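Coordinates as given in coords_5.cif (mmCIF, C-alpha atoms):
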data_run
#
loop_
_atom_site.label_atom_id
_atom_site.label_comp_id
_atom_site.auth_asym_id
_atom_site.auth_seq_id
_atom_site.Cartn_x
_atom_site.Cartn_y
_atom_site.Cartn_z
CA MET X 1 0.00 0.00 0.00
CA PHE X 2 2.72 2.49 1.00
CA LYS X 3 5.56 2.33 -1.51
CA GLN X 4 6.06 5.87 -2.79
CA LEU X 5 5.91 9.33 -1.25
CA LYS X 6 2.66 10.10 -3.09
CA ASP X 7 0.97 7.30 -1.14
CA TYR X 8 1.73 9.19 2.09
CA LEU X 9 0.87 12.60 0.64
CA GLU X 10 -2.60 11.32 -0.24
CA LEU X 11 -3.38 10.58 3.41
CA ASN X 12 -5.99 12.85 5.01
CA ILE X 13 -4.20 12.94 8.36
CA GLN X 14 -6.52 15.47 10.02
CA ASP X 15 -9.54 13.18 9.74
CA LEU X 16 -7.84 10.14 11.31
CA SER X 17 -9.00 8.98 14.74
CA HIS X 18 -6.44 7.91 17.36
CA SER X 19 -7.11 4.22 16.65
CA GLN X 20 -6.88 4.77 12.88
CA ARG X 21 -3.53 6.49 13.30
CA ASP X 22 -2.26 3.62 15.41
CA GLU X 23 -3.37 1.04 12.85
CA LEU X 24 -1.78 3.10 10.09
CA LEU X 25 1.57 3.14 11.89
CA LYS X 26 1.37 -0.63 12.30
CA THR X 27 1.07 -1.09 8.53
CA GLU X 28 3.91 -3.27 7.28
CA HIS X 29 6.79 -1.25 5.82
CA PHE X 30 5.11 2.04 6.82
CA PHE X 31 8.41 3.44 8.13
CA ALA X 32 10.33 2.32 5.04
CA LEU X 33 10.71 4.16 1.75
CA ASP X 34 13.04 3.35 -1.13
CA HIS X 35 13.85 6.73 -2.64
CA ALA X 36 16.41 8.52 -0.48
CA SER X 37 15.47 11.91 -1.97
CA ASP X 38 12.01 11.55 -0.40
CA HIS X 39 13.16 10.46 3.07
CA HIS X 40 12.88 13.85 4.76
CA ALA X 41 9.41 14.59 3.36
CA HIS X 42 8.36 11.09 4.39
CA SER X 43 9.65 11.71 7.93
CA GLU X 44 7.76 15.01 8.18
CA ILE X 45 4.51 13.20 7.34
CA ILE X 46 5.15 10.59 10.05
CA ASP X 47 5.96 13.37 12.54
CA GLU X 48 2.62 15.00 11.66
CA ILE X 49 0.76 11.71 12.09
CA ILE X 50 2.19 11.09 15.57
CA GLY X 51 1.95 14.75 16.60
CA ILE X 52 5.57 15.44 17.48
CA ARG X 53 6.80 19.04 17.09
CA PRO X 54 10.52 19.17 16.23
CA LYS X 55 10.12 21.95 13.64
CA GLN X 56 8.36 24.23 16.13
CA ILE X 57 10.80 23.51 18.95
CA GLU X 58 13.91 23.92 16.78
CA HIS X 59 12.54 27.21 15.43
CA GLU X 60 12.04 28.47 18.99
CA LEU X 61 15.62 27.45 19.84
CA LEU X 62 16.88 29.26 16.74
CA VAL X 63 15.04 32.45 17.70
CA GLU X 64 16.55 32.18 21.18
CA GLY X 65 20.00 31.74 19.67
CA ILE X 66 19.66 34.71 17.30
CA ASN X 67 18.40 36.95 20.12
CA ALA X 68 21.29 35.93 22.34
CA LEU X 69 23.96 36.06 19.62
CA PRO X 70 22.77 38.12 16.62
CA ASP X 71 26.04 37.68 14.71
CA GLY X 72 26.20 33.95 15.43
CA ASN X 73 25.63 30.96 13.19
CA LEU X 74 24.95 27.24 13.24
CA GLU X 75 28.37 26.56 14.77
CA SER X 76 28.01 29.09 17.59
CA TRP X 77 24.37 29.44 18.68
CA GLY X 78 24.15 26.08 20.44
CA LYS X 79 27.49 26.50 22.17
CA HIS X 80 26.55 29.99 23.31
CA LEU X 81 23.17 28.91 24.72
CA HIS X 82 24.25 25.62 26.29
CA GLN X 83 27.48 26.08 28.21
CA GLY X 84 29.80 25.29 25.32
CA HIS X 85 27.95 22.16 24.22
CA GLN X 86 27.36 21.84 20.48
CA THR X 87 23.60 21.28 20.39
CA TRP X 88 23.24 22.23 16.71
CA VAL X 89 20.74 25.03 17.25
CA GLY X 90 19.77 26.34 13.82
CA LEU X 91 20.20 23.03 12.04
CA ASP X 92 17.21 21.97 9.93
CA PRO X 93 15.26 19.37 11.97
CA ASN X 94 15.41 17.09 8.94
CA ILE X 95 19.21 17.10 9.15
CA LEU X 96 19.32 16.99 12.94
CA GLN X 97 17.47 13.67 12.95
CA THR X 98 17.98 10.42 11.07
CA PRO X 99 15.04 9.83 8.68
CA TYR X 100 12.58 7.13 9.68
CA ALA X 101 13.24 5.24 6.45
CA GLU X 102 16.96 4.97 7.26
CA ILE X 103 16.15 3.89 10.82
CA ALA X 104 13.79 1.23 9.43
CA GLU X 105 16.50 -0.01 7.07
CA MET X 106 19.06 -0.23 9.88
CA LEU X 107 16.64 -2.03 12.19
CA LYS X 108 15.77 -4.51 9.46
CA LYS X 109 19.45 -5.29 8.89
CA ILE X 110 20.12 -5.59 12.61
CA SER X 111 16.93 -7.59 13.32
CA PRO X 112 17.03 -7.02 17.10
CA LEU X 113 15.65 -9.83 19.21
CA PRO X 114 12.89 -9.49 21.82
CA GLY X 115 14.38 -8.26 25.08
CA GLU X 116 17.46 -6.71 23.48
CA HIS X 117 18.36 -3.14 24.38
CA ILE X 118 19.26 -0.35 21.95
CA ILE X 119 20.94 2.80 23.26
CA ASP X 120 21.06 6.01 21.20
CA LEU X 121 23.79 8.46 22.26
CA GLY X 122 22.64 11.91 21.13
CA ALA X 123 19.04 10.88 20.50
CA ALA X 124 17.36 14.24 19.79
CA TYR X 125 13.61 13.40 19.80
CA GLY X 126 14.00 9.62 19.94
CA ARG X 127 12.86 8.52 16.49
CA ILE X 128 14.39 5.06 16.97
CA GLY X 129 12.13 4.44 19.96
CA ILE X 130 9.09 5.38 17.87
CA ALA X 131 10.04 3.05 15.01
CA LEU X 132 10.73 0.20 17.43
CA LYS X 133 7.23 0.48 18.89
CA TYR X 134 5.75 -0.58 15.55
CA MET X 135 8.53 -2.69 14.05
CA TYR X 136 10.07 -4.53 17.03
CA PRO X 137 7.76 -3.85 20.00
CA GLU X 138 9.60 -6.21 22.36
CA VAL X 139 12.93 -4.37 22.05
CA PHE X 140 13.95 -1.84 24.72
CA PHE X 141 15.20 1.63 23.79
CA THR X 142 17.02 4.29 25.81
CA GLY X 143 18.03 7.58 24.22
CA TYR X 144 20.36 10.11 25.83
CA GLU X 145 20.02 13.76 24.80
CA TYR X 146 21.51 16.93 26.28
CA LEU X 147 18.64 19.38 25.68
CA PRO X 148 15.73 18.93 28.13
CA VAL X 149 13.18 20.40 25.68
CA ARG X 150 13.94 17.63 23.16
CA VAL X 151 13.80 14.99 25.89
CA GLU X 152 10.45 16.24 27.18
CA GLU X 153 8.90 16.29 23.71
CA GLY X 154 10.17 12.81 22.85
CA ASN X 155 8.92 11.33 26.11
CA ARG X 156 5.56 13.06 25.61
CA ILE X 157 5.17 11.24 22.31
CA PHE X 158 6.37 7.94 23.81
CA THR X 159 3.59 8.25 26.40
CA LYS X 160 1.01 9.25 23.79
CA LEU X 161 1.86 6.28 21.56
CA GLY X 162 2.23 3.79 24.39
CA CYS X 163 5.96 3.24 23.79
CA ASP X 164 6.34 1.60 27.20
CA LYS X 165 9.78 0.14 26.40
CA SER X 166 11.24 3.46 25.22
CA LEU X 167 12.66 6.28 27.30
CA LEU X 168 14.64 9.48 26.71
CA ILE X 169 17.00 10.70 29.43
CA GLN X 170 18.58 14.14 29.71
CA GLN X 171 22.33 13.62 29.97
CA ASP X 172 25.66 15.33 29.34
CA LEU X 173 27.55 12.49 27.65
CA SER X 174 30.92 14.14 28.26
CA LEU X 175 30.79 13.94 32.06
CA ASP X 176 33.30 11.61 33.70
CA SER X 177 30.55 10.60 36.13
CA PHE X 178 28.39 9.21 33.29
CA ASN X 179 28.94 5.55 32.56
CA ILE X 180 27.31 4.29 29.38
CA PRO X 181 25.01 1.39 30.38
CA GLU X 182 25.56 -1.98 28.77
CA ALA X 183 23.33 -2.78 25.81
CA SER X 184 23.27 -5.04 22.78
CA ILE X 185 23.25 -2.27 20.17
CA TYR X 186 24.48 1.33 20.23
CA PHE X 187 23.59 4.11 17.83
CA ILE X 188 25.68 7.26 17.63
CA TYR X 189 25.82 10.16 15.20
CA ASP X 190 27.51 13.57 15.22
CA TYR X 191 25.88 14.62 18.49
CA GLY X 192 28.28 17.34 19.67
CA ARG X 193 31.90 18.48 19.66
CA PRO X 194 34.58 16.18 18.19
CA ASP X 195 36.34 15.77 21.55
CA GLN X 196 33.07 14.64 23.16
CA ILE X 197 32.42 12.13 20.39
CA ARG X 198 35.95 10.70 20.70
CA TYR X 199 35.39 10.35 24.46
CA THR X 200 32.15 8.43 23.84
CA LEU X 201 33.72 6.18 21.20
CA LYS X 202 36.53 5.31 23.61
CA ALA X 203 33.96 4.40 26.27
CA LEU X 204 32.17 2.15 23.77
CA GLU X 205 35.49 0.55 22.85
CA LEU X 206 36.02 -0.36 26.51
CA ILE X 207 32.52 -1.91 26.69
CA GLY X 208 33.32 -3.85 23.51
CA ASP X 209 36.42 -5.32 25.15
CA SER X 210 34.27 -7.24 27.61
CA LYS X 211 31.24 -8.17 25.50
CA ASP X 212 30.01 -8.32 21.93
CA ILE X 213 28.20 -5.16 20.92
CA MET X 214 26.92 -3.70 17.67
#

Before we go any further, please render this structure as structure tokens.
Amino acid sequence: MFKQLKDYLELNIQDLSHSQRDELLKTEHFFALDHASDHHAHSEIIDEIIGIRPKQIEHELLVEGINALPDGNLESWGKHLHQGHQTWVGLDPNILQTPYAEIAEMLKKISPLPGEHIIDLGAAYGRIGIALKYMYPEVFFTGYEYLPVRVEEGNRIFTKLGCDKSLLIQQDLSLDSFNIPEASIYFIYDYGRPDQIRYTLKALELIGDSKDIM
């Protein structure tokens, strides 16, 4: 049923009841889409269906950044607002987050087993946890994200959708006091400054010395 972007664009989302939306999200391959050029538009439609608000929140953060640092830019607004942490304020929400179609492709290749745990380091709004709810509902998800406003919005949607095995946690990943919990699978992208990412990769390397991880 859902193979091309036009199939999603033809949906009358506003007229869907809560149960109809839930059944729609359960449709096989709903989170997948072949054409990479359509992935961001596809993700925006899914965001609209579930009612998450990354575009609004990121716009509000951008306005805050511009007001605080009028001559700033993508590289400096986040650092200025958030104690030197690179939170990518001003980045298009479509670039900030991995598209649902790419998440679906990764999950399909990984084929996580019931009871396994996926940890996302720099999770933004927790899209992996949303996809897992409908693709692999018996898999646990924990996402760590520095900005509380992103964490709150992601957890709001988890609650709304009944993602009872998914959770976002506000966390500074660069703190020496933070120990990455053990999991089966880790997901990491360009979440902050290069030195912070190197620190996290070293921590994952140490975990990998004692157990098999992906």

**Report entry** Given the PyMOL selection byres ((chain X and resi 6) around 12), the residues it picks as a VMD selection string
**Finding:** chain X and resid 1 to 5 7 to 11 33 35 38 41 to 42 45

How close does region 109-165 of chain X get to region 95-104 of chain X? List, as a tab-separated table, each residue of region 109-165 of chain X within 8 Å, its nearest atom pair and the distance in Å to one decimal, counting all atoms listed in the file.
residue	atom	partner	partner_atom	distance
X:Ala124	CA	X:Gln97	CA	6.9
X:Tyr125	CA	X:Gln97	CA	7.9
X:Arg127	CA	X:Tyr100	CA	7.0
X:Ile128	CA	X:Ile103	CA	6.5
X:Ala131	CA	X:Ala104	CA	7.0

Legend entry - Nearest to Leu113 (chain X) by atom-to-atom distance, counting all atoms listed in the file, from X:Glu44, X:Glu138, X:Asp195, X:Asp22: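 Ranked by minimum distance to Leu113 (chain X), first place goes to X:Glu138.
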
For Gly90 (chain X), work out the shell of residues within 9 Å, counting only C-alpha atoms and skipping chain neighbours fewer than 6 positions away, then give it as a compact mmCIF listing (two decimals) with C-alpha atoms, keeping the file's coordinate frame.
# COMPACT_ATOMS: atom_id res chain seq x y z
CA GLU X 58 13.91 23.92 16.78
CA HIS X 59 12.54 27.21 15.43
CA LEU X 61 15.62 27.45 19.84
CA LEU X 62 16.88 29.26 16.74
CA VAL X 63 15.04 32.45 17.70
CA GLY X 65 20.00 31.74 19.67
CA ASN X 73 25.63 30.96 13.19
CA LEU X 74 24.95 27.24 13.24
CA GLU X 75 28.37 26.56 14.77
CA TRP X 77 24.37 29.44 18.68
CA GLY X 78 24.15 26.08 20.44

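Matched in the shown structure by the PyMOL selection byres ((chain X and resi 26) around 12): X:Phe2, X:Ser19, X:Gln20, X:Arg21, X:Asp22, X:Glu23, X:Leu24, X:Leu25, X:Thr27, X:Glu28, X:His29, X:Phe30, X:Phe31, X:Ala32, X:Ile130, X:Ala131, X:Leu132, X:Lys133, X:Tyr134, X:Met135, X:Tyr136, X:Pro137, X:Leu161.
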
**OP:** Using CA of Asn179 (chain X) and CA of Ser76 (chain X) as the two end points, give the distance in Å to one decimal.
**Re:**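 Those two atoms sit 27.9 Å apart.
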
Check: Do you know which residues are at most 6 Å from Gln170 (chain X) counting all atoms listed in the file, after dropping those on the same chain fewer than 3 positions away, and could you put them as a list in words?
Finding: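 Residues near the query, excluding close chain neighbours: Tyr144, Glu145, Tyr146 and Pro148 of chain X.
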
Students should find that CA of Asn67 (chain X) and CA of Trp88 (chain X) are spaced 15.9 Å

What separates CA of Asn12 (chain X) and CA of Asp47 (chain X) is a distance of 14.1 Å

Determine the nearest neighbour of Pro54 (chain X) from the options X:Phe140, X:His40, X:Leu91, X:Arg150, counting only C-alpha atoms.
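With only C-alpha atoms as the atom set, the closest residue is X:Arg150.
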
inquiry  = Translate the PyMOL selection byres ((chain X and resi 154) around 8) into a concrete residue list for this structure, as a PyMOL selection string.
reply    = chain X and resi 52+124-126+150-153+155-158+168

Which one of X:Glu182, X:Val89, X:Leu69, X:Asp164 sits closest to Asp209 (chain X) if you count all atoms listed in the file?
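Closest candidate: X:Glu182.
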
From the list X:Cys163, X:Asp34, X:Gly192, X:Pro93, the nearest residue to Arg53 (chain X) using only C-alpha atoms is X:Pro93

Each residue of region 71-159 of chain X lying at most 12 Å from region 200-204 of chain X should get a row with its shortest atom-to-atom pair and the distance in Å to one decimal, counting all atoms listed in the file; could you produce that, ordered by chain and increasing number, as a tab-separated table?
residue	atom	partner	partner_atom	distance
X:Ile119	CA	X:Leu204	CA	11.3
X:Asp120	CA	X:Thr200	CA	11.7
X:Leu121	CA	X:Thr200	CA	8.5
X:Gly122	CA	X:Thr200	CA	10.5

Restricting to only C-alpha atoms, whichever of X:Ser184, X:Glu60, X:Gly72, X:His117 is closest to Val149 (chain X) is X:Glu60

Using the atoms already present, construct N, CA and C atoms for region 169-184 of chain X and hand them back as a PDB file, keeping the file's coordinate frame.
ATOM      1  N   ILE X 169      16.408  10.212  28.186  1.00  0.00           N
ATOM      2  CA  ILE X 169      17.000  10.700  29.430  1.00  0.00           C
ATOM      3  C   ILE X 169      17.877  11.905  29.114  1.00  0.00           C
ATOM      4  N   GLN X 170      17.723  12.983  29.885  1.00  0.00           N
ATOM      5  CA  GLN X 170      18.580  14.140  29.710  1.00  0.00           C
ATOM      6  C   GLN X 170      19.947  13.831  30.309  1.00  0.00           C
ATOM      7  N   GLN X 171      21.002  14.000  29.501  1.00  0.00           N
ATOM      8  CA  GLN X 171      22.330  13.620  29.970  1.00  0.00           C
ATOM      9  C   GLN X 171      23.420  14.352  29.195  1.00  0.00           C
ATOM     10  N   ASP X 172      24.424  14.823  29.934  1.00  0.00           N
ATOM     11  CA  ASP X 172      25.660  15.330  29.340  1.00  0.00           C
ATOM     12  C   ASP X 172      26.587  14.133  29.158  1.00  0.00           C
ATOM     13  N   LEU X 173      26.773  13.697  27.923  1.00  0.00           N
ATOM     14  CA  LEU X 173      27.550  12.490  27.650  1.00  0.00           C
ATOM     15  C   LEU X 173      29.033  12.661  27.931  1.00  0.00           C
ATOM     16  N   SER X 174      29.490  13.904  28.076  1.00  0.00           N
ATOM     17  CA  SER X 174      30.920  14.140  28.260  1.00  0.00           C
ATOM     18  C   SER X 174      31.364  14.097  29.723  1.00  0.00           C
ATOM     19  N   LEU X 175      30.424  13.960  30.644  1.00  0.00           N
ATOM     20  CA  LEU X 175      30.790  13.940  32.060  1.00  0.00           C
ATOM     21  C   LEU X 175      31.501  12.653  32.448  1.00  0.00           C
ATOM     22  N   ASP X 176      32.584  12.788  33.225  1.00  0.00           N
ATOM     23  CA  ASP X 176      33.300  11.610  33.700  1.00  0.00           C
ATOM     24  C   ASP X 176      32.410  10.727  34.573  1.00  0.00           C
ATOM     25  N   SER X 177      31.430  11.346  35.220  1.00  0.00           N
ATOM     26  CA  SER X 177      30.550  10.600  36.130  1.00  0.00           C
ATOM     27  C   SER X 177      29.516   9.759  35.391  1.00  0.00           C
ATOM     28  N   PHE X 178      29.377   9.975  34.063  1.00  0.00           N
ATOM     29  CA  PHE X 178      28.390   9.210  33.290  1.00  0.00           C
ATOM     30  C   PHE X 178      29.035   7.962  32.720  1.00  0.00           C
ATOM     31  N   ASN X 179      28.493   6.830  33.099  1.00  0.00           N
ATOM     32  CA  ASN X 179      28.940   5.550  32.560  1.00  0.00           C
ATOM     33  C   ASN X 179      27.877   5.030  31.600  1.00  0.00           C
ATOM     34  N   ILE X 180      28.262   4.791  30.363  1.00  0.00           N
ATOM     35  CA  ILE X 180      27.310   4.290  29.380  1.00  0.00           C
ATOM     36  C   ILE X 180      26.824   2.904  29.819  1.00  0.00           C
ATOM     37  N   PRO X 181      25.524   2.715  29.968  1.00  0.00           N
ATOM     38  CA  PRO X 181      25.010   1.390  30.380  1.00  0.00           C
ATOM     39  C   PRO X 181      25.292   0.343  29.304  1.00  0.00           C
ATOM     40  N   GLU X 182      25.360  -0.893  29.719  1.00  0.00           N
ATOM     41  CA  GLU X 182      25.560  -1.980  28.770  1.00  0.00           C
ATOM     42  C   GLU X 182      24.280  -2.219  27.981  1.00  0.00           C
ATOM     43  N   ALA X 183      24.456  -2.490  26.693  1.00  0.00           N
ATOM     44  CA  ALA X 183      23.330  -2.780  25.810  1.00  0.00           C
ATOM     45  C   ALA X 183      23.821  -3.701  24.708  1.00  0.00           C
ATOM     46  N   SER X 184      22.903  -4.172  23.897  1.00  0.00           N
ATOM     47  CA  SER X 184      23.270  -5.040  22.780  1.00  0.00           C
ATOM     48  C   SER X 184      23.718  -4.222  21.576  1.00  0.00           C
TER      49      SER X 184
END
